[in-house]
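Below is one structure, written out as structure tokens; the observations come after it.
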Amino acid sequence: MAGGRSLGRRFGWLWAAYAVSSLGTWLAFDAFSLIAVVVLHAGATEVSLLAASGLAVGAALAVPLGAWVEFRPKRPVMVAADLIRCAALLSLPVAFALDALGLGQLLLVSVAVAAADITFNAASGAYLKSLVPPRDLLVANGRFEATMWTATALGPPLGGAAFGMLGPMATVLANAASFLLSALGIRAIGGAEGQQSPPDSPSGRPRARDLRAGWRHLLAEPTLRPLFLNTVLVNSLIMASAPLLAVLMLGRLGFAPWQYGLAFAVPCLGGLLGSRLSRRLTARHGSHRILLAAGTLRACWPVGLAFVGPGTPGLLLVMAVEFGLITCAGVFNPVLATSRLELTPPDRVTRTLAAWSISTRTATAATTALWGWLAALAGPRTAIALAGALLLATSLLLPWHEHAQRVGAPK
């Protein structure tokens, strides 16, 4: 059975590198927001602007890099991105120890991490397509999805406990170490990469306009276009609510950091369930139907976060809402990632993935900034409710009129 067999030693190293960096990232879940709220005593508007600015500037820096990476060996780029993230994060505990940490440095680090994230993800997606046979792409993406949700389940409660017992920089140090270990794992993959396409420009230097081929493909391909627009909007609205929920739970409702982490960790069991179901459901019903069903259902849950209250009932409500959302996302995400790779020519994969990430993060940054402003005017709870209400309409952007055969109907 494809889902149970080995995909090879080289994929094993890539998977291990992904696992360790994912665990580090989720140990440091919302670390910048937590540091801003608990250490620097920032409010909802400042936390939202911090998140928005880091994403926006990081995405802008990644624009020329996305096209440049297309025509370069991917593993050295991935190693470099890991080392950049490691170095940027290590600057925070140094500044904290010197009593020099401020919102400005948090912003600079978030910019560097965001740009490196986009570059790494675009390179790794293209590398995965060259590493794994097409018939195994859904299996590989399902394993990454399951790994991510496992890390998400373990990371936040452990990170919340470390934050409370060892101080605010413990999870930042763990995240930095995880990127270093990821870089070592990617170097251990070995082997030669496939022949790279020649660069579009004679100089081979990064140019922002070279990334337009990625956006042209996303907007011209009839199945990818609605999936792209839907995903950008859904992710933006969900992520815009995250810092507001942190302020609401950690501030007004009085939850401890470990409780906040637990509220998002336990529901990640739904991500494991969804990622395991994804391949089976796709084999039975076809990718198109699964994208429509799971894409619609994942948007129905977040409006419930507007009703969170203090104490155990509030904690259980957040867990229930997140469990439903994450289970649907666990089904949807591997099918989306596989369809995106299948529908993209090999010489445009990196540019397409970079364009997708840059668009998503830029939209998330703008939405997060706007929702921070709304929270300042009407309060975090009202802003969270509005995001949830808008999410209910996002299913209209899914590819309802496409033929199922375009994205893997069952034979």
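Each chain in the structure tokens gets a letter, A, B and so on, in the order shown; residues start at 1 in every chain, and ligands are counted from 1 in the order they appear.
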- Picked from region 73-288 of chain A by DSSP as alpha helix (DSSP H), as a ChimeraX atom specification: /A:74-97,103-131,137-166,170-187,212-220,224-247,257-265,269-285,287-288
- Would you kindly return, as an NGL selection string, each protein, DNA or RNA residue with an atom no farther than 9 Å from any atom of Ala51 (chain A), considering only C-alpha atoms and excluding same-chain residues fewer than 2 positions away? :A and (32-33 or 46-49 or 53-56 or 107 or 110 or 240 or 243 or 365 or 368-369)
Keeping all heavy atoms, export the residues of the selection given above as a compact mmCIF listing (two decimals), in the first residue's frame.
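Wrote selection-v8.txt, looks like this:
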```txt
# COMPACT_ATOMS: atom_id res chain seq x y z
N PHE A 32 6.22 35.66 19.24
CA PHE A 32 6.36 37.11 19.13
C PHE A 32 5.19 37.82 19.81
O PHE A 32 5.38 38.84 20.49
CB PHE A 32 6.46 37.54 17.67
CG PHE A 32 7.76 37.12 17.01
CD1 PHE A 32 7.98 37.36 15.66
CD2 PHE A 32 8.77 36.50 17.73
CE1 PHE A 32 9.17 37.00 15.06
CE2 PHE A 32 9.96 36.12 17.14
CZ PHE A 32 10.16 36.38 15.79
N SER A 33 3.96 37.31 19.61
CA SER A 33 2.80 37.92 20.26
C SER A 33 2.90 37.77 21.78
O SER A 33 2.60 38.72 22.53
CB SER A 33 1.51 37.28 19.76
OG SER A 33 1.30 37.56 18.39
N GLU A 46 -0.91 47.14 18.71
CA GLU A 46 0.52 46.95 18.51
C GLU A 46 0.85 45.51 18.11
O GLU A 46 1.68 45.28 17.22
CB GLU A 46 1.28 47.31 19.80
CG GLU A 46 1.27 48.79 20.12
CD GLU A 46 1.90 49.08 21.47
OE1 GLU A 46 1.47 48.46 22.47
OE2 GLU A 46 2.82 49.92 21.54
N VAL A 47 0.18 44.53 18.75
CA VAL A 47 0.44 43.14 18.41
C VAL A 47 0.02 42.84 16.98
O VAL A 47 0.72 42.16 16.23
CB VAL A 47 -0.28 42.21 19.41
CG1 VAL A 47 -0.17 40.76 18.98
CG2 VAL A 47 0.30 42.38 20.81
N SER A 48 -1.14 43.36 16.57
CA SER A 48 -1.62 43.14 15.21
C SER A 48 -0.70 43.80 14.19
O SER A 48 -0.38 43.22 13.14
CB SER A 48 -3.04 43.68 15.05
OG SER A 48 -3.95 42.95 15.83
N LEU A 49 -0.25 45.02 14.47
CA LEU A 49 0.65 45.71 13.55
C LEU A 49 2.00 45.01 13.46
O LEU A 49 2.61 44.96 12.39
CB LEU A 49 0.83 47.17 13.98
CG LEU A 49 -0.37 48.09 13.75
CD1 LEU A 49 -0.10 49.48 14.32
CD2 LEU A 49 -0.68 48.19 12.26
N SER A 53 3.11 43.82 9.86
CA SER A 53 4.30 44.43 9.26
C SER A 53 5.35 43.39 8.94
O SER A 53 5.99 43.44 7.87
CB SER A 53 4.87 45.50 10.20
OG SER A 53 3.92 46.50 10.46
N GLY A 54 5.55 42.44 9.86
CA GLY A 54 6.54 41.40 9.60
C GLY A 54 6.20 40.60 8.37
O GLY A 54 7.06 40.33 7.52
N LEU A 55 4.93 40.23 8.23
CA LEU A 55 4.50 39.46 7.06
C LEU A 55 4.65 40.27 5.78
O LEU A 55 5.13 39.77 4.75
CB LEU A 55 3.05 39.03 7.24
CG LEU A 55 2.78 37.91 8.24
CD1 LEU A 55 1.28 37.73 8.43
CD2 LEU A 55 3.41 36.61 7.78
N ALA A 56 4.22 41.53 5.81
CA ALA A 56 4.21 42.35 4.60
C ALA A 56 5.62 42.63 4.09
O ALA A 56 5.91 42.45 2.90
CB ALA A 56 3.47 43.66 4.86
N LEU A 107 10.12 43.21 15.19
CA LEU A 107 9.68 43.43 13.82
C LEU A 107 10.75 43.00 12.83
O LEU A 107 10.46 42.30 11.85
CB LEU A 107 9.33 44.91 13.61
CG LEU A 107 9.00 45.32 12.18
CD1 LEU A 107 7.81 44.54 11.65
CD2 LEU A 107 8.73 46.81 12.11
N SER A 110 10.97 39.24 12.69
CA SER A 110 9.81 38.66 12.02
C SER A 110 9.89 38.86 10.51
O SER A 110 9.47 37.98 9.75
CB SER A 110 8.51 39.27 12.56
OG SER A 110 8.39 40.64 12.21
N ALA A 240 -5.75 36.70 10.85
CA ALA A 240 -6.01 38.03 11.39
C ALA A 240 -6.63 37.96 12.78
O ALA A 240 -6.45 38.86 13.60
CB ALA A 240 -6.92 38.81 10.44
N PRO A 243 -3.85 37.04 16.63
CA PRO A 243 -3.33 37.92 17.68
C PRO A 243 -4.43 38.52 18.55
O PRO A 243 -4.21 38.78 19.74
CB PRO A 243 -2.57 39.00 16.89
CG PRO A 243 -3.13 38.95 15.51
CD PRO A 243 -3.51 37.54 15.29
N ALA A 365 -1.16 40.07 6.05
CA ALA A 365 -0.63 41.26 6.71
C ALA A 365 -1.63 42.40 6.66
O ALA A 365 -1.90 43.06 7.67
CB ALA A 365 0.68 41.68 6.05
N THR A 368 -4.64 41.52 8.85
CA THR A 368 -4.28 41.59 10.27
C THR A 368 -4.21 43.03 10.76
O THR A 368 -4.69 43.35 11.85
CB THR A 368 -2.94 40.88 10.51
OG1 THR A 368 -3.05 39.51 10.11
CG2 THR A 368 -2.55 40.93 11.98
N ALA A 369 -3.60 43.91 9.94
CA ALA A 369 -3.54 45.32 10.31
C ALA A 369 -4.94 45.93 10.39
O ALA A 369 -5.27 46.67 11.33
CB ALA A 369 -2.70 46.08 9.29
```
Quick one: which region 324-360 of chain A residues come within 10 Å of region 147-164 of chain A, and what is the nearest atom pair for each with the distance in Å to one decimal, counting only C-alpha atoms, rows ordered by chain and ascending number, as CSV?
```
residue,atom,partner,partner_atom,distance
A:Ile326,CA,A:Trp149,CA,8.6
A:Thr327,CA,A:Trp149,CA,9.8
A:Gly330,CA,A:Trp149,CA,8.0
```
- Contacts of Leu180 (chain A) at 8 Å or less, counting only C-alpha atoms, minus same-chain residues fewer than 3 places along, as a PyMOL selection string? chain A and resi 82-83+86+176-177+183-184
- Residue nearest Ala112 (chain A) - candidates A:Val139, A:Met249, A:Ala60, A:Leu98, atoms counted: only C-alpha atoms: A:Ala60
Just want the 10 Å neighbourhood of Ala188 (chain A), counted on only C-alpha atoms, with same-chain residues fewer than 2 positions away dropped. Output as a PDB file with N, CA, C and O atoms, in the first residue's frame.
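The file below, result_14.pdb, is the result:
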```pdb
ATOM      1  N   ARG A  10      16.367   9.523   0.761  1.00  0.00           N
ATOM      2  CA  ARG A  10      16.462  10.972   0.588  1.00  0.00           C
ATOM      3  C   ARG A  10      15.184  11.663   1.061  1.00  0.00           C
ATOM      4  O   ARG A  10      15.237  12.714   1.710  1.00  0.00           O
ATOM      5  N   TRP A  13      15.259  11.863   4.896  1.00  0.00           N
ATOM      6  CA  TRP A  13      16.010  12.992   5.456  1.00  0.00           C
ATOM      7  C   TRP A  13      15.209  14.292   5.329  1.00  0.00           C
ATOM      8  O   TRP A  13      15.200  15.123   6.252  1.00  0.00           O
ATOM      9  N   LEU A  14      14.551  14.495   4.182  1.00  0.00           N
ATOM     10  CA  LEU A  14      13.732  15.693   4.003  1.00  0.00           C
ATOM     11  C   LEU A  14      12.592  15.713   5.020  1.00  0.00           C
ATOM     12  O   LEU A  14      12.299  16.751   5.631  1.00  0.00           O
ATOM     13  N   ALA A  17      13.996  16.539   8.481  1.00  0.00           N
ATOM     14  CA  ALA A  17      14.294  17.973   8.595  1.00  0.00           C
ATOM     15  C   ALA A  17      13.011  18.767   8.786  1.00  0.00           C
ATOM     16  O   ALA A  17      12.953  19.703   9.602  1.00  0.00           O
ATOM     17  N   SER A 182      17.538  21.292  11.077  1.00  0.00           N
ATOM     18  CA  SER A 182      16.923  21.115   9.755  1.00  0.00           C
ATOM     19  C   SER A 182      17.948  21.317   8.646  1.00  0.00           C
ATOM     20  O   SER A 182      18.000  20.544   7.675  1.00  0.00           O
ATOM     21  N   ALA A 183      18.784  22.337   8.783  1.00  0.00           N
ATOM     22  CA  ALA A 183      19.822  22.585   7.777  1.00  0.00           C
ATOM     23  C   ALA A 183      20.769  21.391   7.671  1.00  0.00           C
ATOM     24  O   ALA A 183      21.153  20.981   6.560  1.00  0.00           O
ATOM     25  N   LEU A 184      21.137  20.821   8.813  1.00  0.00           N
ATOM     26  CA  LEU A 184      22.019  19.648   8.793  1.00  0.00           C
ATOM     27  C   LEU A 184      21.327  18.453   8.129  1.00  0.00           C
ATOM     28  O   LEU A 184      21.960  17.690   7.385  1.00  0.00           O
ATOM     29  N   GLY A 185      20.036  18.275   8.387  1.00  0.00           N
ATOM     30  CA  GLY A 185      19.306  17.184   7.771  1.00  0.00           C
ATOM     31  C   GLY A 185      19.207  17.330   6.262  1.00  0.00           C
ATOM     32  O   GLY A 185      19.349  16.348   5.514  1.00  0.00           O
ATOM     33  N   ILE A 186      18.983  18.544   5.781  1.00  0.00           N
ATOM     34  CA  ILE A 186      18.882  18.769   4.339  1.00  0.00           C
ATOM     35  C   ILE A 186      20.227  18.534   3.664  1.00  0.00           C
ATOM     36  O   ILE A 186      20.309  17.972   2.568  1.00  0.00           O
ATOM     37  N   GLY A 190      22.013  14.524   0.315  1.00  0.00           N
ATOM     38  CA  GLY A 190      22.992  14.115  -0.682  1.00  0.00           C
ATOM     39  C   GLY A 190      22.381  13.930  -2.055  1.00  0.00           C
ATOM     40  O   GLY A 190      21.199  14.181  -2.295  1.00  0.00           O
ATOM     41  N   GLY A 191      23.198  13.463  -2.982  1.00  0.00           N
ATOM     42  CA  GLY A 191      22.735  13.237  -4.340  1.00  0.00           C
ATOM     43  C   GLY A 191      22.701  14.515  -5.149  1.00  0.00           C
ATOM     44  O   GLY A 191      22.731  15.624  -4.611  1.00  0.00           O
TER      45      GLY A 191
END
```
- Item | Among the residues A:Leu237, A:Ala126, A:Phe228, A:Leu281, the one that comes closest to Arg216 (chain A) [using only C-alpha atoms] |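 Of all the options, A:Phe228 lies closest to Arg216 (chain A).
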- Which neighbours of Lys74 (chain A) fall inside 12 Å, counting only C-alpha atoms, when residues of the same chain fewer than 4 positions from it are skipped, and could you give them as a count of residues only? 31
- Item | Selection: 10 Å around Thr45 (chain A), only C-alpha atoms, excl. self and same-chain fewer than 5 positions, as a list in words | Leu50, Pro243, Leu244, Val247, Thr368, Ala369, Leu370, Trp371, Gly372, Trp373, Leu374, Ala375, Ala376, Leu377 and Pro380 of chain A
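Going from CA of Leu101 (chain A) over to CA of Ala170 (chain A), you cover 15.0 Å.
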- Task: Provide the CA of Pro346 (chain A) to CA of Leu181 (chain A) distance in Å, to one decimal place.
- Result: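 Those two atoms sit 28.6 Å apart.
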Would you tabulate, counting only C-alpha atoms, all residues of region 203-314 of chain A that have an atom at most 12 Å from an atom of region 391-396 of chain A, showing the closest pair of atoms and their distance in Å to one decimal, sorted by chain then ascending number, as JSON lines?
```
{"residue": "A:Pro226", "atom": "CA", "partner": "A:Leu396", "partner_atom": "CA", "distance": 9.1}
{"residue": "A:Leu227", "atom": "CA", "partner": "A:Ser395", "partner_atom": "CA", "distance": 9.8}
{"residue": "A:Phe228", "atom": "CA", "partner": "A:Thr394", "partner_atom": "CA", "distance": 11.6}
{"residue": "A:Leu229", "atom": "CA", "partner": "A:Thr394", "partner_atom": "CA", "distance": 9.1}
{"residue": "A:Asn230", "atom": "CA", "partner": "A:Thr394", "partner_atom": "CA", "distance": 6.2}
{"residue": "A:Thr231", "atom": "CA", "partner": "A:Thr394", "partner_atom": "CA", "distance": 8.8}
{"residue": "A:Val232", "atom": "CA", "partner": "A:Thr394", "partner_atom": "CA", "distance": 10.0}
{"residue": "A:Leu233", "atom": "CA", "partner": "A:Thr394", "partner_atom": "CA", "distance": 7.2}
{"residue": "A:Val234", "atom": "CA", "partner": "A:Leu391", "partner_atom": "CA", "distance": 6.3}
{"residue": "A:Asn235", "atom": "CA", "partner": "A:Leu391", "partner_atom": "CA", "distance": 9.5}
{"residue": "A:Ser236", "atom": "CA", "partner": "A:Leu391", "partner_atom": "CA", "distance": 9.7}
{"residue": "A:Leu237", "atom": "CA", "partner": "A:Leu391", "partner_atom": "CA", "distance": 6.9}
{"residue": "A:Ile238", "atom": "CA", "partner": "A:Leu391", "partner_atom": "CA", "distance": 8.2}
{"residue": "A:Met239", "atom": "CA", "partner": "A:Leu391", "partner_atom": "CA", "distance": 11.6}
{"residue": "A:Ala240", "atom": "CA", "partner": "A:Leu391", "partner_atom": "CA", "distance": 11.6}
{"residue": "A:Ser241", "atom": "CA", "partner": "A:Leu391", "partner_atom": "CA", "distance": 11.4}
{"residue": "A:Leu291", "atom": "CA", "partner": "A:Ser395", "partner_atom": "CA", "distance": 10.3}
{"residue": "A:Leu292", "atom": "CA", "partner": "A:Ser395", "partner_atom": "CA", "distance": 7.8}
{"residue": "A:Ala293", "atom": "CA", "partner": "A:Ser395", "partner_atom": "CA", "distance": 9.2}
{"residue": "A:Ala294", "atom": "CA", "partner": "A:Ser395", "partner_atom": "CA", "distance": 9.8}
{"residue": "A:Gly295", "atom": "CA", "partner": "A:Ser395", "partner_atom": "CA", "distance": 6.6}
{"residue": "A:Thr296", "atom": "CA", "partner": "A:Ser395", "partner_atom": "CA", "distance": 5.0}
{"residue": "A:Leu297", "atom": "CA", "partner": "A:Ser395", "partner_atom": "CA", "distance": 8.5}
{"residue": "A:Arg298", "atom": "CA", "partner": "A:Leu391", "partner_atom": "CA", "distance": 9.0}
{"residue": "A:Ala299", "atom": "CA", "partner": "A:Leu391", "partner_atom": "CA", "distance": 5.3}
{"residue": "A:Cys300", "atom": "CA", "partner": "A:Leu392", "partner_atom": "CA", "distance": 5.7}
{"residue": "A:Trp301", "atom": "CA", "partner": "A:Leu392", "partner_atom": "CA", "distance": 8.6}
{"residue": "A:Pro302", "atom": "CA", "partner": "A:Leu391", "partner_atom": "CA", "distance": 7.7}
{"residue": "A:Val303", "atom": "CA", "partner": "A:Leu391", "partner_atom": "CA", "distance": 7.9}
{"residue": "A:Gly304", "atom": "CA", "partner": "A:Leu391", "partner_atom": "CA", "distance": 11.5}
```
Generate a file of the selected residues that holds N, CA and C atoms, formatted as a PDB file, in the first residue's frame.
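Now in result31.pdb:
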```pdb
ATOM      1  N   PRO A 226      -9.512  29.615  -8.612  1.00  0.00           N
ATOM      2  CA  PRO A 226     -10.424  29.725  -7.458  1.00  0.00           C
ATOM      3  C   PRO A 226      -9.826  29.170  -6.168  1.00  0.00           C
ATOM      4  N   LEU A 227      -9.028  28.107  -6.270  1.00  0.00           N
ATOM      5  CA  LEU A 227      -8.382  27.579  -5.070  1.00  0.00           C
ATOM      6  C   LEU A 227      -7.426  28.604  -4.469  1.00  0.00           C
ATOM      7  N   PHE A 228      -6.701  29.293  -5.325  1.00  0.00           N
ATOM      8  CA  PHE A 228      -5.765  30.328  -4.887  1.00  0.00           C
ATOM      9  C   PHE A 228      -6.512  31.457  -4.176  1.00  0.00           C
ATOM     10  N   LEU A 229      -7.557  31.977  -4.809  1.00  0.00           N
ATOM     11  CA  LEU A 229      -8.293  33.097  -4.222  1.00  0.00           C
ATOM     12  C   LEU A 229      -8.970  32.681  -2.921  1.00  0.00           C
ATOM     13  N   ASN A 230      -9.543  31.483  -2.897  1.00  0.00           N
ATOM     14  CA  ASN A 230     -10.191  30.990  -1.685  1.00  0.00           C
ATOM     15  C   ASN A 230      -9.186  30.853  -0.539  1.00  0.00           C
ATOM     16  N   THR A 231      -8.026  30.247  -0.834  1.00  0.00           N
ATOM     17  CA  THR A 231      -7.045  29.993   0.218  1.00  0.00           C
ATOM     18  C   THR A 231      -6.462  31.286   0.770  1.00  0.00           C
ATOM     19  N   VAL A 232      -6.208  32.243  -0.104  1.00  0.00           N
ATOM     20  CA  VAL A 232      -5.688  33.538   0.350  1.00  0.00           C
ATOM     21  C   VAL A 232      -6.663  34.191   1.319  1.00  0.00           C
ATOM     22  N   LEU A 233      -7.948  34.187   0.969  1.00  0.00           N
ATOM     23  CA  LEU A 233      -8.938  34.849   1.814  1.00  0.00           C
ATOM     24  C   LEU A 233      -9.151  34.092   3.125  1.00  0.00           C
ATOM     25  N   VAL A 234      -9.258  32.769   3.050  1.00  0.00           N
ATOM     26  CA  VAL A 234      -9.477  31.971   4.262  1.00  0.00           C
ATOM     27  C   VAL A 234      -8.307  32.132   5.231  1.00  0.00           C
ATOM     28  N   ASN A 235      -7.090  31.969   4.719  1.00  0.00           N
ATOM     29  CA  ASN A 235      -5.925  32.091   5.597  1.00  0.00           C
ATOM     30  C   ASN A 235      -5.825  33.483   6.210  1.00  0.00           C
ATOM     31  N   SER A 236      -6.126  34.507   5.420  1.00  0.00           N
ATOM     32  CA  SER A 236      -6.029  35.883   5.914  1.00  0.00           C
ATOM     33  C   SER A 236      -6.987  36.116   7.072  1.00  0.00           C
ATOM     34  N   LEU A 237      -8.224  35.673   6.918  1.00  0.00           N
ATOM     35  CA  LEU A 237      -9.217  35.914   7.959  1.00  0.00           C
ATOM     36  C   LEU A 237      -8.932  35.100   9.215  1.00  0.00           C
ATOM     37  N   ILE A 238      -8.457  33.859   9.033  1.00  0.00           N
ATOM     38  CA  ILE A 238      -8.127  33.042  10.210  1.00  0.00           C
ATOM     39  C   ILE A 238      -6.932  33.636  10.956  1.00  0.00           C
ATOM     40  N   MET A 239      -5.888  33.984  10.208  1.00  0.00           N
ATOM     41  CA  MET A 239      -4.680  34.497  10.850  1.00  0.00           C
ATOM     42  C   MET A 239      -4.879  35.896  11.435  1.00  0.00           C
ATOM     43  N   ALA A 240      -5.753  36.698  10.845  1.00  0.00           N
ATOM     44  CA  ALA A 240      -6.009  38.032  11.387  1.00  0.00           C
ATOM     45  C   ALA A 240      -6.632  37.957  12.776  1.00  0.00           C
ATOM     46  N   SER A 241      -7.356  36.880  13.042  1.00  0.00           N
ATOM     47  CA  SER A 241      -7.991  36.723  14.355  1.00  0.00           C
ATOM     48  C   SER A 241      -7.035  36.209  15.419  1.00  0.00           C
ATOM     49  N   LEU A 291     -11.862  18.659  -2.200  1.00  0.00           N
ATOM     50  CA  LEU A 291     -11.528  20.078  -2.089  1.00  0.00           C
ATOM     51  C   LEU A 291     -12.774  20.913  -1.814  1.00  0.00           C
ATOM     52  N   LEU A 292     -13.872  20.589  -2.489  1.00  0.00           N
ATOM     53  CA  LEU A 292     -15.106  21.350  -2.286  1.00  0.00           C
ATOM     54  C   LEU A 292     -15.680  21.115  -0.893  1.00  0.00           C
ATOM     55  N   ALA A 293     -15.768  19.846  -0.487  1.00  0.00           N
ATOM     56  CA  ALA A 293     -16.395  19.528   0.794  1.00  0.00           C
ATOM     57  C   ALA A 293     -15.563  20.035   1.974  1.00  0.00           C
ATOM     58  N   ALA A 294     -14.278  19.665   1.995  1.00  0.00           N
ATOM     59  CA  ALA A 294     -13.427  20.077   3.118  1.00  0.00           C
ATOM     60  C   ALA A 294     -13.199  21.580   3.105  1.00  0.00           C
ATOM     61  N   GLY A 295     -13.081  22.173   1.900  1.00  0.00           N
ATOM     62  CA  GLY A 295     -12.894  23.618   1.810  1.00  0.00           C
ATOM     63  C   GLY A 295     -14.083  24.392   2.329  1.00  0.00           C
ATOM     64  N   THR A 296     -15.280  23.861   2.127  1.00  0.00           N
ATOM     65  CA  THR A 296     -16.485  24.511   2.657  1.00  0.00           C
ATOM     66  C   THR A 296     -16.587  24.339   4.170  1.00  0.00           C
ATOM     67  N   LEU A 297     -16.372  23.116   4.642  1.00  0.00           N
ATOM     68  CA  LEU A 297     -16.545  22.832   6.065  1.00  0.00           C
ATOM     69  C   LEU A 297     -15.539  23.563   6.943  1.00  0.00           C
ATOM     70  N   ARG A 298     -14.298  23.749   6.449  1.00  0.00           N
ATOM     71  CA  ARG A 298     -13.290  24.393   7.305  1.00  0.00           C
ATOM     72  C   ARG A 298     -13.642  25.843   7.612  1.00  0.00           C
ATOM     73  N   ALA A 299     -14.484  26.470   6.764  1.00  0.00           N
ATOM     74  CA  ALA A 299     -14.851  27.876   6.973  1.00  0.00           C
ATOM     75  C   ALA A 299     -16.012  28.060   7.931  1.00  0.00           C
ATOM     76  N   CYS A 300     -16.625  26.966   8.371  1.00  0.00           N
ATOM     77  CA  CYS A 300     -17.835  27.071   9.195  1.00  0.00           C
ATOM     78  C   CYS A 300     -17.557  27.209  10.687  1.00  0.00           C
ATOM     79  N   TRP A 301     -16.323  26.975  11.113  1.00  0.00           N
ATOM     80  CA  TRP A 301     -16.028  26.874  12.536  1.00  0.00           C
ATOM     81  C   TRP A 301     -15.586  28.169  13.228  1.00  0.00           C
ATOM     82  N   PRO A 302     -14.725  29.014  12.620  1.00  0.00           N
ATOM     83  CA  PRO A 302     -14.097  30.093  13.391  1.00  0.00           C
ATOM     84  C   PRO A 302     -15.051  31.109  14.002  1.00  0.00           C
ATOM     85  N   VAL A 303     -16.270  31.265  13.477  1.00  0.00           N
ATOM     86  CA  VAL A 303     -17.198  32.232  14.066  1.00  0.00           C
ATOM     87  C   VAL A 303     -17.487  31.891  15.531  1.00  0.00           C
ATOM     88  N   GLY A 304     -17.339  30.624  15.901  1.00  0.00           N
ATOM     89  CA  GLY A 304     -17.572  30.234  17.289  1.00  0.00           C
ATOM     90  C   GLY A 304     -16.595  30.830  18.272  1.00  0.00           C
TER      91      GLY A 304
END
```
